[in-house]
Structure formats: structure tokens, C-alpha cells
file final05.txt (compact mmCIF, N, CA and C atoms)
# COMPACT_ATOMS: atom_id res chain seq x y z
N MET A 1 -27.61 22.72 -17.31
CA MET A 1 -27.62 21.36 -16.83
C MET A 1 -26.84 20.43 -17.76
N ILE A 2 -26.86 20.73 -19.02
CA ILE A 2 -26.25 19.82 -19.97
C ILE A 2 -24.72 19.85 -19.89
N GLN A 3 -24.15 20.95 -19.44
CA GLN A 3 -22.70 21.10 -19.46
C GLN A 3 -22.06 20.80 -18.11
N ARG A 4 -22.81 20.66 -17.09
CA ARG A 4 -22.27 20.64 -15.73
C ARG A 4 -21.30 19.49 -15.48
N ILE A 5 -21.62 18.28 -15.88
CA ILE A 5 -20.81 17.12 -15.49
C ILE A 5 -19.44 17.15 -16.15
N GLN A 6 -19.37 17.51 -17.44
CA GLN A 6 -18.05 17.53 -18.06
C GLN A 6 -17.21 18.68 -17.55
N THR A 7 -17.83 19.76 -17.12
CA THR A 7 -17.07 20.85 -16.53
C THR A 7 -16.40 20.39 -15.24
N VAL A 8 -17.15 19.68 -14.41
CA VAL A 8 -16.59 19.16 -13.15
C VAL A 8 -15.47 18.17 -13.45
N LEU A 9 -15.68 17.29 -14.42
CA LEU A 9 -14.65 16.31 -14.76
C LEU A 9 -13.40 16.98 -15.33
N LEU A 10 -13.57 18.00 -16.14
CA LEU A 10 -12.41 18.70 -16.69
C LEU A 10 -11.65 19.46 -15.61
N VAL A 11 -12.37 20.05 -14.65
CA VAL A 11 -11.70 20.74 -13.55
C VAL A 11 -10.93 19.75 -12.69
N VAL A 12 -11.54 18.60 -12.39
CA VAL A 12 -10.87 17.59 -11.57
C VAL A 12 -9.64 17.04 -12.30
N GLY A 13 -9.79 16.75 -13.59
CA GLY A 13 -8.66 16.24 -14.38
C GLY A 13 -7.53 17.25 -14.47
N SER A 14 -7.88 18.52 -14.64
CA SER A 14 -6.85 19.56 -14.69
C SER A 14 -6.18 19.74 -13.32
N CYS A 15 -6.95 19.58 -12.25
CA CYS A 15 -6.36 19.67 -10.91
C CYS A 15 -5.37 18.53 -10.66
N PHE A 16 -5.69 17.33 -11.15
CA PHE A 16 -4.75 16.23 -11.02
C PHE A 16 -3.44 16.55 -11.73
N LEU A 17 -3.52 17.16 -12.90
CA LEU A 17 -2.29 17.53 -13.61
C LEU A 17 -1.56 18.66 -12.89
N ALA A 18 -2.31 19.60 -12.32
CA ALA A 18 -1.68 20.71 -11.61
C ALA A 18 -0.97 20.23 -10.35
N VAL A 19 -1.57 19.28 -9.65
CA VAL A 19 -0.94 18.75 -8.43
C VAL A 19 0.35 18.00 -8.77
N ASN A 20 0.41 17.47 -9.97
CA ASN A 20 1.60 16.74 -10.39
C ASN A 20 2.84 17.65 -10.44
N PHE A 21 2.64 18.95 -10.62
CA PHE A 21 3.77 19.88 -10.61
C PHE A 21 4.37 20.04 -9.22
N LEU A 22 3.61 19.71 -8.19
CA LEU A 22 4.08 19.89 -6.81
C LEU A 22 4.96 18.74 -6.32
N LEU A 23 5.09 17.69 -7.09
CA LEU A 23 5.89 16.53 -6.69
C LEU A 23 7.37 16.81 -6.99
N ILE A 24 7.98 17.55 -6.11
CA ILE A 24 9.33 18.07 -6.34
C ILE A 24 10.36 16.95 -6.46
N ASP A 25 10.25 15.89 -5.66
CA ASP A 25 11.25 14.83 -5.69
C ASP A 25 11.36 14.16 -7.05
N VAL A 26 10.27 14.10 -7.78
CA VAL A 26 10.31 13.47 -9.10
C VAL A 26 11.06 14.35 -10.08
N TRP A 27 10.86 15.67 -10.00
CA TRP A 27 11.42 16.57 -11.00
C TRP A 27 12.88 16.92 -10.73
N ILE A 28 13.37 16.70 -9.50
CA ILE A 28 14.79 16.94 -9.23
C ILE A 28 15.50 15.66 -8.83
N GLY A 29 14.85 14.53 -9.00
CA GLY A 29 15.38 13.25 -8.58
C GLY A 29 16.36 12.66 -9.57
N PRO A 30 16.62 11.35 -9.44
CA PRO A 30 17.62 10.68 -10.27
C PRO A 30 17.31 10.72 -11.77
N ALA A 31 16.03 10.68 -12.13
CA ALA A 31 15.69 10.70 -13.55
C ALA A 31 16.08 12.04 -14.17
N SER A 32 15.89 13.11 -13.42
CA SER A 32 16.25 14.43 -13.92
C SER A 32 17.76 14.62 -13.98
N VAL A 33 18.46 14.06 -13.01
CA VAL A 33 19.92 14.18 -12.99
C VAL A 33 20.54 13.37 -14.12
N GLN A 34 20.03 12.18 -14.35
CA GLN A 34 20.60 11.30 -15.37
C GLN A 34 20.27 11.77 -16.79
N SER A 35 19.05 12.26 -17.00
CA SER A 35 18.63 12.70 -18.33
C SER A 35 18.23 14.16 -18.26
N GLY A 36 18.95 15.00 -18.94
CA GLY A 36 18.68 16.43 -18.91
C GLY A 36 17.36 16.81 -19.56
N TRP A 37 16.86 15.99 -20.46
CA TRP A 37 15.63 16.29 -21.17
C TRP A 37 14.39 15.94 -20.37
N PHE A 38 14.53 15.14 -19.32
CA PHE A 38 13.38 14.57 -18.62
C PHE A 38 12.44 15.63 -18.05
N THR A 39 12.96 16.51 -17.24
CA THR A 39 12.09 17.49 -16.56
C THR A 39 11.45 18.48 -17.52
N PRO A 40 12.20 19.14 -18.41
CA PRO A 40 11.52 20.12 -19.27
C PRO A 40 10.50 19.50 -20.22
N VAL A 41 10.81 18.33 -20.76
CA VAL A 41 9.87 17.71 -21.71
C VAL A 41 8.61 17.25 -20.98
N THR A 42 8.77 16.59 -19.86
CA THR A 42 7.61 16.08 -19.14
C THR A 42 6.74 17.21 -18.61
N LEU A 43 7.36 18.21 -17.99
CA LEU A 43 6.58 19.33 -17.47
C LEU A 43 5.96 20.15 -18.60
N GLY A 44 6.63 20.24 -19.72
CA GLY A 44 6.06 20.94 -20.88
C GLY A 44 4.82 20.23 -21.41
N LEU A 45 4.90 18.91 -21.52
CA LEU A 45 3.75 18.15 -21.99
C LEU A 45 2.58 18.23 -21.00
N TYR A 46 2.89 18.14 -19.71
CA TYR A 46 1.82 18.27 -18.71
C TYR A 46 1.23 19.68 -18.71
N SER A 47 2.06 20.69 -18.98
CA SER A 47 1.55 22.06 -19.06
C SER A 47 0.59 22.21 -20.22
N LEU A 48 0.94 21.65 -21.38
CA LEU A 48 0.06 21.72 -22.53
C LEU A 48 -1.25 20.99 -22.27
N ALA A 49 -1.18 19.84 -21.62
CA ALA A 49 -2.39 19.09 -21.30
C ALA A 49 -3.26 19.86 -20.30
N LEU A 50 -2.62 20.51 -19.34
CA LEU A 50 -3.35 21.31 -18.35
C LEU A 50 -4.03 22.49 -19.03
N ILE A 51 -3.33 23.18 -19.90
CA ILE A 51 -3.92 24.31 -20.62
C ILE A 51 -5.07 23.83 -21.51
N GLY A 52 -4.88 22.69 -22.18
CA GLY A 52 -5.96 22.14 -23.01
C GLY A 52 -7.18 21.76 -22.20
N GLY A 53 -6.97 21.19 -21.02
CA GLY A 53 -8.10 20.83 -20.17
C GLY A 53 -8.87 22.03 -19.68
N VAL A 54 -8.15 23.08 -19.28
CA VAL A 54 -8.81 24.30 -18.81
C VAL A 54 -9.47 25.02 -19.97
N LEU A 55 -8.80 25.08 -21.11
CA LEU A 55 -9.37 25.75 -22.28
C LEU A 55 -10.65 25.06 -22.75
N SER A 56 -10.68 23.75 -22.67
CA SER A 56 -11.87 23.03 -23.15
C SER A 56 -13.10 23.30 -22.29
N ILE A 57 -12.91 23.76 -21.07
CA ILE A 57 -14.05 24.12 -20.23
C ILE A 57 -14.81 25.29 -20.86
N PHE A 58 -14.08 26.22 -21.46
CA PHE A 58 -14.69 27.42 -22.01
C PHE A 58 -15.17 27.25 -23.45
N LEU A 59 -15.01 26.08 -24.01
CA LEU A 59 -15.49 25.82 -25.37
C LEU A 59 -16.85 25.13 -25.38
N TYR A 60 -17.69 25.45 -24.41
CA TYR A 60 -18.95 24.76 -24.26
C TYR A 60 -19.96 25.11 -25.35
N ARG A 61 -19.76 26.19 -26.07
CA ARG A 61 -20.71 26.56 -27.11
C ARG A 61 -20.53 25.74 -28.39
N THR A 62 -19.32 25.30 -28.64
CA THR A 62 -19.06 24.45 -29.80
C THR A 62 -18.59 23.10 -29.28
N LEU A 63 -19.50 22.18 -29.20
CA LEU A 63 -19.20 20.88 -28.59
C LEU A 63 -18.20 20.08 -29.40
N ASP A 64 -18.21 20.23 -30.72
CA ASP A 64 -17.24 19.49 -31.53
C ASP A 64 -15.82 19.97 -31.25
N ARG A 65 -15.65 21.28 -31.12
CA ARG A 65 -14.34 21.82 -30.80
C ARG A 65 -13.93 21.43 -29.39
N GLN A 66 -14.90 21.39 -28.47
CA GLN A 66 -14.60 20.98 -27.10
C GLN A 66 -14.14 19.52 -27.07
N LYS A 67 -14.79 18.69 -27.86
CA LYS A 67 -14.38 17.29 -27.95
C LYS A 67 -12.95 17.15 -28.47
N GLN A 68 -12.62 17.93 -29.48
CA GLN A 68 -11.27 17.89 -30.04
C GLN A 68 -10.24 18.38 -29.03
N CYS A 69 -10.58 19.40 -28.30
CA CYS A 69 -9.64 19.95 -27.31
C CYS A 69 -9.43 18.96 -26.16
N ILE A 70 -10.49 18.30 -25.73
CA ILE A 70 -10.36 17.29 -24.69
C ILE A 70 -9.50 16.13 -25.18
N PHE A 71 -9.72 15.72 -26.42
CA PHE A 71 -8.93 14.63 -26.99
C PHE A 71 -7.45 15.02 -27.09
N ALA A 72 -7.17 16.25 -27.51
CA ALA A 72 -5.78 16.72 -27.61
C ALA A 72 -5.13 16.78 -26.23
N ALA A 73 -5.88 17.24 -25.23
CA ALA A 73 -5.33 17.30 -23.87
C ALA A 73 -5.05 15.89 -23.35
N ALA A 74 -5.94 14.96 -23.63
CA ALA A 74 -5.75 13.58 -23.17
C ALA A 74 -4.55 12.94 -23.87
N MET A 75 -4.39 13.18 -25.16
CA MET A 75 -3.26 12.60 -25.87
C MET A 75 -1.94 13.22 -25.41
N THR A 76 -1.95 14.52 -25.12
CA THR A 76 -0.74 15.17 -24.62
C THR A 76 -0.38 14.62 -23.24
N ALA A 77 -1.38 14.42 -22.40
CA ALA A 77 -1.12 13.83 -21.08
C ALA A 77 -0.62 12.40 -21.21
N THR A 78 -1.13 11.66 -22.21
CA THR A 78 -0.67 10.29 -22.43
C THR A 78 0.79 10.27 -22.86
N VAL A 79 1.15 11.16 -23.76
CA VAL A 79 2.56 11.24 -24.19
C VAL A 79 3.43 11.66 -23.01
N GLY A 80 2.94 12.59 -22.20
CA GLY A 80 3.68 12.99 -21.00
C GLY A 80 3.88 11.83 -20.04
N LEU A 81 2.85 11.01 -19.89
CA LEU A 81 2.96 9.84 -19.02
C LEU A 81 3.95 8.83 -19.57
N LEU A 82 3.97 8.65 -20.89
CA LEU A 82 4.94 7.74 -21.51
C LEU A 82 6.37 8.26 -21.33
N VAL A 83 6.56 9.57 -21.49
CA VAL A 83 7.88 10.16 -21.29
C VAL A 83 8.30 10.03 -19.83
N LEU A 84 7.35 10.26 -18.92
CA LEU A 84 7.63 10.10 -17.49
C LEU A 84 8.05 8.66 -17.18
N GLY A 85 7.31 7.70 -17.72
CA GLY A 85 7.65 6.30 -17.50
C GLY A 85 9.00 5.94 -18.09
N LEU A 86 9.28 6.44 -19.29
CA LEU A 86 10.56 6.15 -19.93
C LEU A 86 11.72 6.73 -19.12
N GLY A 87 11.56 7.97 -18.68
CA GLY A 87 12.61 8.58 -17.87
C GLY A 87 12.83 7.87 -16.55
N MET A 88 11.74 7.43 -15.93
CA MET A 88 11.86 6.73 -14.65
C MET A 88 12.45 5.33 -14.84
N ILE A 89 12.13 4.69 -15.94
CA ILE A 89 12.71 3.37 -16.21
C ILE A 89 14.20 3.50 -16.50
N LEU A 90 14.58 4.50 -17.28
CA LEU A 90 16.01 4.70 -17.58
C LEU A 90 16.81 5.03 -16.32
N ALA A 91 16.20 5.72 -15.37
CA ALA A 91 16.89 6.05 -14.12
C ALA A 91 16.68 4.98 -13.05
N ASP A 92 15.93 3.95 -13.37
CA ASP A 92 15.65 2.83 -12.47
C ASP A 92 14.96 3.29 -11.18
N VAL A 93 14.01 4.19 -11.32
CA VAL A 93 13.22 4.63 -10.17
C VAL A 93 11.73 4.42 -10.40
N MET A 94 11.38 3.69 -11.46
CA MET A 94 9.97 3.40 -11.72
C MET A 94 9.43 2.53 -10.60
N PRO A 95 8.29 2.90 -9.99
CA PRO A 95 7.79 2.16 -8.83
C PRO A 95 7.54 0.68 -9.09
N VAL A 96 7.09 0.31 -10.25
CA VAL A 96 6.75 -1.09 -10.51
C VAL A 96 7.96 -1.88 -11.00
N VAL A 97 8.82 -1.25 -11.79
CA VAL A 97 9.92 -1.96 -12.44
C VAL A 97 11.14 -2.10 -11.53
N SER A 98 11.47 -1.03 -10.80
CA SER A 98 12.68 -1.08 -10.00
C SER A 98 12.51 -2.03 -8.81
N GLY A 99 13.56 -2.68 -8.46
CA GLY A 99 13.50 -3.64 -7.37
C GLY A 99 13.48 -2.99 -6.00
N GLY A 100 14.01 -1.80 -5.90
CA GLY A 100 14.09 -1.11 -4.61
C GLY A 100 12.78 -0.46 -4.23
N PRO A 101 12.74 0.09 -3.04
CA PRO A 101 11.51 0.76 -2.60
C PRO A 101 11.32 2.08 -3.36
N ALA A 102 10.10 2.33 -3.75
CA ALA A 102 9.78 3.56 -4.46
C ALA A 102 9.16 4.56 -3.50
N SER A 103 9.44 5.82 -3.72
CA SER A 103 8.88 6.84 -2.84
C SER A 103 7.41 7.06 -3.18
N LEU A 104 6.72 7.68 -2.27
CA LEU A 104 5.31 7.98 -2.47
C LEU A 104 5.14 8.94 -3.63
N GLN A 105 6.06 9.87 -3.77
CA GLN A 105 5.94 10.83 -4.87
C GLN A 105 6.14 10.17 -6.23
N SER A 106 6.94 9.13 -6.30
CA SER A 106 7.08 8.40 -7.56
C SER A 106 5.78 7.71 -7.94
N TRP A 107 5.11 7.15 -6.96
CA TRP A 107 3.81 6.53 -7.21
C TRP A 107 2.80 7.58 -7.64
N LEU A 108 2.76 8.70 -6.93
CA LEU A 108 1.79 9.74 -7.24
C LEU A 108 2.05 10.36 -8.61
N ALA A 109 3.31 10.43 -9.01
CA ALA A 109 3.64 10.98 -10.33
C ALA A 109 3.09 10.11 -11.44
N VAL A 110 2.87 8.84 -11.17
CA VAL A 110 2.28 7.94 -12.16
C VAL A 110 0.76 7.91 -12.03
N VAL A 111 0.25 7.97 -10.80
CA VAL A 111 -1.19 7.83 -10.56
C VAL A 111 -1.96 9.08 -10.97
N PHE A 112 -1.43 10.27 -10.68
CA PHE A 112 -2.16 11.51 -10.99
C PHE A 112 -2.43 11.68 -12.49
N PRO A 113 -1.47 11.46 -13.38
CA PRO A 113 -1.80 11.56 -14.81
C PRO A 113 -2.81 10.50 -15.26
N LEU A 114 -2.74 9.30 -14.66
CA LEU A 114 -3.74 8.28 -15.01
C LEU A 114 -5.14 8.70 -14.57
N ALA A 115 -5.24 9.29 -13.39
CA ALA A 115 -6.53 9.80 -12.92
C ALA A 115 -7.01 10.94 -13.82
N SER A 116 -6.09 11.77 -14.24
CA SER A 116 -6.44 12.86 -15.15
C SER A 116 -6.94 12.33 -16.49
N LEU A 117 -6.28 11.30 -16.99
CA LEU A 117 -6.72 10.69 -18.25
C LEU A 117 -8.12 10.10 -18.13
N SER A 118 -8.40 9.46 -17.01
CA SER A 118 -9.74 8.90 -16.84
C SER A 118 -10.79 10.00 -16.74
N CYS A 119 -10.46 11.11 -16.08
CA CYS A 119 -11.40 12.24 -16.02
C CYS A 119 -11.63 12.83 -17.41
N PHE A 120 -10.56 12.98 -18.19
CA PHE A 120 -10.70 13.51 -19.54
C PHE A 120 -11.53 12.56 -20.42
N ALA A 121 -11.34 11.26 -20.26
CA ALA A 121 -12.12 10.29 -21.04
C ALA A 121 -13.59 10.35 -20.67
N LEU A 122 -13.88 10.46 -19.39
CA LEU A 122 -15.28 10.57 -18.97
C LEU A 122 -15.91 11.88 -19.44
N ALA A 123 -15.13 12.96 -19.43
CA ALA A 123 -15.64 14.25 -19.92
C ALA A 123 -15.93 14.17 -21.42
N ARG A 124 -15.06 13.53 -22.15
CA ARG A 124 -15.28 13.39 -23.60
C ARG A 124 -16.51 12.54 -23.87
N ARG A 125 -16.70 11.53 -23.06
CA ARG A 125 -17.89 10.68 -23.19
C ARG A 125 -19.16 11.49 -22.90
N SER A 126 -19.10 12.38 -21.91
CA SER A 126 -20.25 13.23 -21.61
C SER A 126 -20.53 14.21 -22.74
N VAL A 127 -19.50 14.75 -23.35
CA VAL A 127 -19.69 15.65 -24.48
C VAL A 127 -20.32 14.88 -25.64
N ASN A 128 -19.88 13.66 -25.90
CA ASN A 128 -20.49 12.85 -26.96
C ASN A 128 -21.97 12.61 -26.68
N ARG A 129 -22.28 12.35 -25.43
CA ARG A 129 -23.68 12.14 -25.04
C ARG A 129 -24.51 13.41 -25.27
N ASP A 130 -23.93 14.56 -24.96
CA ASP A 130 -24.62 15.82 -25.18
C ASP A 130 -24.82 16.11 -26.66
N VAL A 131 -23.83 15.78 -27.48
CA VAL A 131 -23.96 15.97 -28.92
C VAL A 131 -25.10 15.11 -29.45
N LYS A 132 -25.18 13.87 -29.01
CA LYS A 132 -26.28 13.00 -29.45
C LYS A 132 -27.62 13.54 -28.99
N LEU A 133 -27.68 14.05 -27.77
CA LEU A 133 -28.92 14.61 -27.24
C LEU A 133 -29.34 15.84 -28.05
N LEU A 134 -28.40 16.70 -28.36
CA LEU A 134 -28.73 17.89 -29.14
C LEU A 134 -29.16 17.53 -30.56
N ARG A 135 -28.54 16.53 -31.14
CA ARG A 135 -28.96 16.11 -32.48
C ARG A 135 -30.36 15.53 -32.47
N SER A 136 -30.71 14.78 -31.43
CA SER A 136 -32.06 14.23 -31.35
C SER A 136 -33.10 15.33 -31.13
N VAL A 137 -32.75 16.36 -30.36
CA VAL A 137 -33.65 17.49 -30.16
C VAL A 137 -33.81 18.26 -31.47
N ASP A 138 -32.73 18.42 -32.23
CA ASP A 138 -32.83 19.11 -33.52
C ASP A 138 -33.71 18.34 -34.49
N ARG A 139 -33.69 17.02 -34.44
CA ARG A 139 -34.55 16.22 -35.31
C ARG A 139 -36.02 16.41 -34.96
N LEU A 140 -36.31 16.61 -33.68
CA LEU A 140 -37.68 16.79 -33.26
C LEU A 140 -38.24 18.16 -33.67
N ARG A 141 -37.36 19.14 -33.84
CA ARG A 141 -37.82 20.46 -34.25
C ARG A 141 -38.24 20.40 -35.67
call {"tool": "encode", "arguments": {"input": "final05.txt", "output": "C-alpha cells"}}
result
Amino acid sequence: MIQRIQTVLLVVGSCFLAVNFLLIDVWIGPASVQSGWFTPVTLGLYSLALIGGVLSIFLYRTLDRQKQCIFAAAMTATVGLLVLGLGMILADVMPVVSGGPASLQSWLAVVFPLASLSCFALARRSVNRDVKLLRSVDRLR
């Protein structure tokens, strides 16, 4: 019971990152054509965050290590989101900044990592709550 909520949040956050790989127009669009580094760096960072999110599900026995892994996955996704934003701004296809109409996939490429970050933050908060609960139980013993 103690591990259930963060497992669900980590799975949902990892799924948001995995769905981000399916947005083909973003990865072969103008940002990728203009900057050769855009696609490999962004997808590499999202891959590391995805692996970290999935790996942290299996670290339930050591909550401190699970917390660190969740934090690393969230920071990697944050850097990936910053690189994505920078590449889209340089190619003038960022949904908010560019004056022209943005495609749905451009919006989703920004929204999915943000949703993933919020899931990772909530999972880390649940792990912190579990650590406090376990420490209070240890004090009672």
C-alpha cells in the first residue's frame, strides 16, 4: 500500500515521455532541419529521463535511492524541455513565441514533458511522505 501511488505516478510520467517519441513532425520538422543537434540531443535526454523514471519504479526497497533517481529523471526531462524550447525558438516554430499557427504536435511536444515533470514531482513528494512515515514507525519501535 505504501508504494502504490508513486508507482502509478512514475508509470504515467514515463508514458508521457514515451508518447513524446511518437510526435514525428517535431523530430523531422524545421527545428531538426535547421539544427542538426536538435533531434539527437533532445531524444537522448528524453530517453535518459524515461529510463530513469522506469528504473526508479524498481528501487522501492531503498527509498533514498528512489528519490535520487526520480530527481535525476526530472532534471534530465527539464534539460530536455529546455533544449526542445531552444531548438523550437531558433527555428521559429515554438507555439507561444512564433507568430504563425503552431501544429498540434508542437503543442504536445511541450505539454507532455511538462505533464511528465509534474508526475515525477508528485511521485517524489509521495516518496518523501513514505520516508517520513517509515521514520516515525521506526521511532515507535
call {"tool": "atom_distance", "arguments": {"input": "final05.txt", "atom1": "atom N of Ser14 (chain A)", "atom2": "atom C of Ala123 (chain A)"}}
result
11.4 Å
call {"tool": "select_by_dssp", "arguments": {"input": "final05.txt", "residues": "chain A", "states": "helix (DSSP H, G or I)", "output": "VMD selection string"}}
result
chain A and resid 4 to 20 24 to 27 30 to 34 38 to 57 63 to 90 104 to 140
call {"tool": "atom_distance", "arguments": {"input": "final05.txt", "atom1": "CA of Ala49 (chain A)", "atom2": "CA of Leu17 (chain A)"}}
result
7.8 Å
call {"tool": "residues_around", "arguments": {"input": "final05.txt", "residues": "Leu10 (chain A)", "least_positions_apart": "3", "cutoff": "8 Å", "atoms": "only C-alpha atoms", "output": "compact mmCIF listing (two decimals) with N, CA and C atoms, in the frame of the given file"}}
result
# COMPACT_ATOMS: atom_id res chain seq x y z
N GLN A 6 -19.37 17.51 -17.44
CA GLN A 6 -18.05 17.53 -18.06
C GLN A 6 -17.21 18.68 -17.55
N THR A 7 -17.83 19.76 -17.12
CA THR A 7 -17.07 20.85 -16.53
C THR A 7 -16.40 20.39 -15.24
N GLY A 13 -9.79 16.75 -13.59
CA GLY A 13 -8.66 16.24 -14.38
C GLY A 13 -7.53 17.25 -14.47
N SER A 14 -7.88 18.52 -14.64
CA SER A 14 -6.85 19.56 -14.69
C SER A 14 -6.18 19.74 -13.32
N GLY A 53 -6.97 21.19 -21.02
CA GLY A 53 -8.10 20.83 -20.17
C GLY A 53 -8.87 22.03 -19.68
N VAL A 54 -8.15 23.08 -19.28
CA VAL A 54 -8.81 24.30 -18.81
C VAL A 54 -9.47 25.02 -19.97
N SER A 56 -10.68 23.75 -22.67
CA SER A 56 -11.87 23.03 -23.15
C SER A 56 -13.10 23.30 -22.29
N ILE A 57 -12.91 23.76 -21.07
CA ILE A 57 -14.05 24.12 -20.23
C ILE A 57 -14.81 25.29 -20.86
N CYS A 119 -10.46 11.11 -16.08
CA CYS A 119 -11.40 12.24 -16.02
C CYS A 119 -11.63 12.83 -17.41
N PHE A 120 -10.56 12.98 -18.19
CA PHE A 120 -10.70 13.51 -19.54
C PHE A 120 -11.53 12.56 -20.42
N ALA A 123 -15.13 12.96 -19.43
CA ALA A 123 -15.64 14.25 -19.92
C ALA A 123 -15.93 14.17 -21.42
call {"tool": "residues_around", "arguments": {"input": "final05.txt", "residues": "Asp64 (chain A)", "least_positions_apart": "2", "cutoff": "12 Å", "atoms": "only C-alpha atoms", "output": "JSON, numbers by chain"}}
result
{"A": [56, 59, 60, 61, 62, 66, 67, 68, 69, 70, 71, 124, 127, 128, 129, 130, 131, 132, 134]}
call {"tool": "write_last_selection", "arguments": {"input": "final05.txt", "atoms": "N, CA and C atoms", "output": "PDB file, in the frame of the given file"}}
result
ATOM      1  N   SER A  56     -10.680  23.750 -22.670  1.00  0.00           N
ATOM      2  CA  SER A  56     -11.870  23.030 -23.150  1.00  0.00           C
ATOM      3  C   SER A  56     -13.100  23.300 -22.290  1.00  0.00           C
ATOM      4  N   LEU A  59     -15.010  26.080 -24.010  1.00  0.00           N
ATOM      5  CA  LEU A  59     -15.490  25.820 -25.370  1.00  0.00           C
ATOM      6  C   LEU A  59     -16.850  25.130 -25.380  1.00  0.00           C
ATOM      7  N   TYR A  60     -17.690  25.450 -24.410  1.00  0.00           N
ATOM      8  CA  TYR A  60     -18.950  24.760 -24.260  1.00  0.00           C
ATOM      9  C   TYR A  60     -19.960  25.110 -25.350  1.00  0.00           C
ATOM     10  N   ARG A  61     -19.760  26.190 -26.070  1.00  0.00           N
ATOM     11  CA  ARG A  61     -20.710  26.560 -27.110  1.00  0.00           C
ATOM     12  C   ARG A  61     -20.530  25.740 -28.390  1.00  0.00           C
ATOM     13  N   THR A  62     -19.320  25.300 -28.640  1.00  0.00           N
ATOM     14  CA  THR A  62     -19.060  24.450 -29.800  1.00  0.00           C
ATOM     15  C   THR A  62     -18.590  23.100 -29.280  1.00  0.00           C
ATOM     16  N   GLN A  66     -14.900  21.390 -28.470  1.00  0.00           N
ATOM     17  CA  GLN A  66     -14.600  20.980 -27.100  1.00  0.00           C
ATOM     18  C   GLN A  66     -14.140  19.520 -27.070  1.00  0.00           C
ATOM     19  N   LYS A  67     -14.790  18.690 -27.860  1.00  0.00           N
ATOM     20  CA  LYS A  67     -14.380  17.290 -27.950  1.00  0.00           C
ATOM     21  C   LYS A  67     -12.950  17.150 -28.470  1.00  0.00           C
ATOM     22  N   GLN A  68     -12.620  17.930 -29.480  1.00  0.00           N
ATOM     23  CA  GLN A  68     -11.270  17.890 -30.040  1.00  0.00           C
ATOM     24  C   GLN A  68     -10.240  18.380 -29.030  1.00  0.00           C
ATOM     25  N   CYS A  69     -10.580  19.400 -28.300  1.00  0.00           N
ATOM     26  CA  CYS A  69      -9.640  19.950 -27.310  1.00  0.00           C
ATOM     27  C   CYS A  69      -9.430  18.960 -26.160  1.00  0.00           C
ATOM     28  N   ILE A  70     -10.490  18.300 -25.730  1.00  0.00           N
ATOM     29  CA  ILE A  70     -10.360  17.290 -24.690  1.00  0.00           C
ATOM     30  C   ILE A  70      -9.500  16.130 -25.180  1.00  0.00           C
ATOM     31  N   PHE A  71      -9.720  15.720 -26.420  1.00  0.00           N
ATOM     32  CA  PHE A  71      -8.930  14.630 -26.990  1.00  0.00           C
ATOM     33  C   PHE A  71      -7.450  15.020 -27.090  1.00  0.00           C
ATOM     34  N   ARG A 124     -15.060  13.530 -22.150  1.00  0.00           N
ATOM     35  CA  ARG A 124     -15.280  13.390 -23.600  1.00  0.00           C
ATOM     36  C   ARG A 124     -16.510  12.540 -23.870  1.00  0.00           C
ATOM     37  N   VAL A 127     -19.500  14.750 -23.350  1.00  0.00           N
ATOM     38  CA  VAL A 127     -19.690  15.650 -24.480  1.00  0.00           C
ATOM     39  C   VAL A 127     -20.320  14.880 -25.640  1.00  0.00           C
ATOM     40  N   ASN A 128     -19.880  13.660 -25.900  1.00  0.00           N
ATOM     41  CA  ASN A 128     -20.490  12.850 -26.960  1.00  0.00           C
ATOM     42  C   ASN A 128     -21.970  12.610 -26.680  1.00  0.00           C
ATOM     43  N   ARG A 129     -22.280  12.350 -25.430  1.00  0.00           N
ATOM     44  CA  ARG A 129     -23.680  12.140 -25.040  1.00  0.00           C
ATOM     45  C   ARG A 129     -24.510  13.410 -25.270  1.00  0.00           C
ATOM     46  N   ASP A 130     -23.930  14.560 -24.960  1.00  0.00           N
ATOM     47  CA  ASP A 130     -24.620  15.820 -25.180  1.00  0.00           C
ATOM     48  C   ASP A 130     -24.820  16.110 -26.660  1.00  0.00           C
ATOM     49  N   VAL A 131     -23.830  15.780 -27.480  1.00  0.00           N
ATOM     50  CA  VAL A 131     -23.960  15.970 -28.920  1.00  0.00           C
ATOM     51  C   VAL A 131     -25.100  15.110 -29.450  1.00  0.00           C
ATOM     52  N   LYS A 132     -25.180  13.870 -29.010  1.00  0.00           N
ATOM     53  CA  LYS A 132     -26.280  13.000 -29.450  1.00  0.00           C
ATOM     54  C   LYS A 132     -27.620  13.540 -28.990  1.00  0.00           C
ATOM     55  N   LEU A 134     -28.400  16.700 -28.360  1.00  0.00           N
ATOM     56  CA  LEU A 134     -28.730  17.890 -29.140  1.00  0.00           C
ATOM     57  C   LEU A 134     -29.160  17.530 -30.560  1.00  0.00           C
TER      58      LEU A 134
END
call {"tool": "residues_around", "arguments": {"input": "final05.txt", "residues": "Leu48 (chain A)", "least_positions_apart": "5", "cutoff": "7 Å", "atoms": "all atoms listed in the file", "output": "number ranges by chain"}}
result
A: 43, 53, 72-73, 76-77
call {"tool": "closest_residue", "arguments": {"input": "final05.txt", "among": "A:Val93, A:Val137, A:Ala121, A:Leu114", "to": "Val26 (chain A)", "atoms": "only C-alpha atoms"}}
result
A:Val93
call {"tool": "closest_residue", "arguments": {"input": "final05.txt", "among": "A:Ile89, A:Leu81, A:Ala115, A:Leu133", "to": "Leu45 (chain A)", "atoms": "only N, CA and C atoms"}}
result
A:Leu81
call {"tool": "closest_residue", "arguments": {"input": "final05.txt", "among": "A:Leu117, A:Val111, A:Leu122, A:Leu86", "to": "Thr39 (chain A)", "atoms": "only C-alpha atoms"}}
result
A:Leu86
call {"tool": "atom_distance", "arguments": {"input": "final05.txt", "atom1": "CA of Phe58 (chain A)", "atom2": "CA of Ile5 (chain A)"}}
result
13.6 Å
call {"tool": "closest_residue", "arguments": {"input": "final05.txt", "among": "A:Ile51, A:Met88, A:Cys15, A:Ala74", "to": "Pro30 (chain A)", "atoms": "only N, CA and C atoms"}}
result
A:Met88
call {"tool": "closest_residue", "arguments": {"input": "final05.txt", "among": "A:Gly87, A:Gly52, A:Val11, A:Gln105", "to": "Asp25 (chain A)", "atoms": "all atoms listed in the file"}}
result
A:Gln105
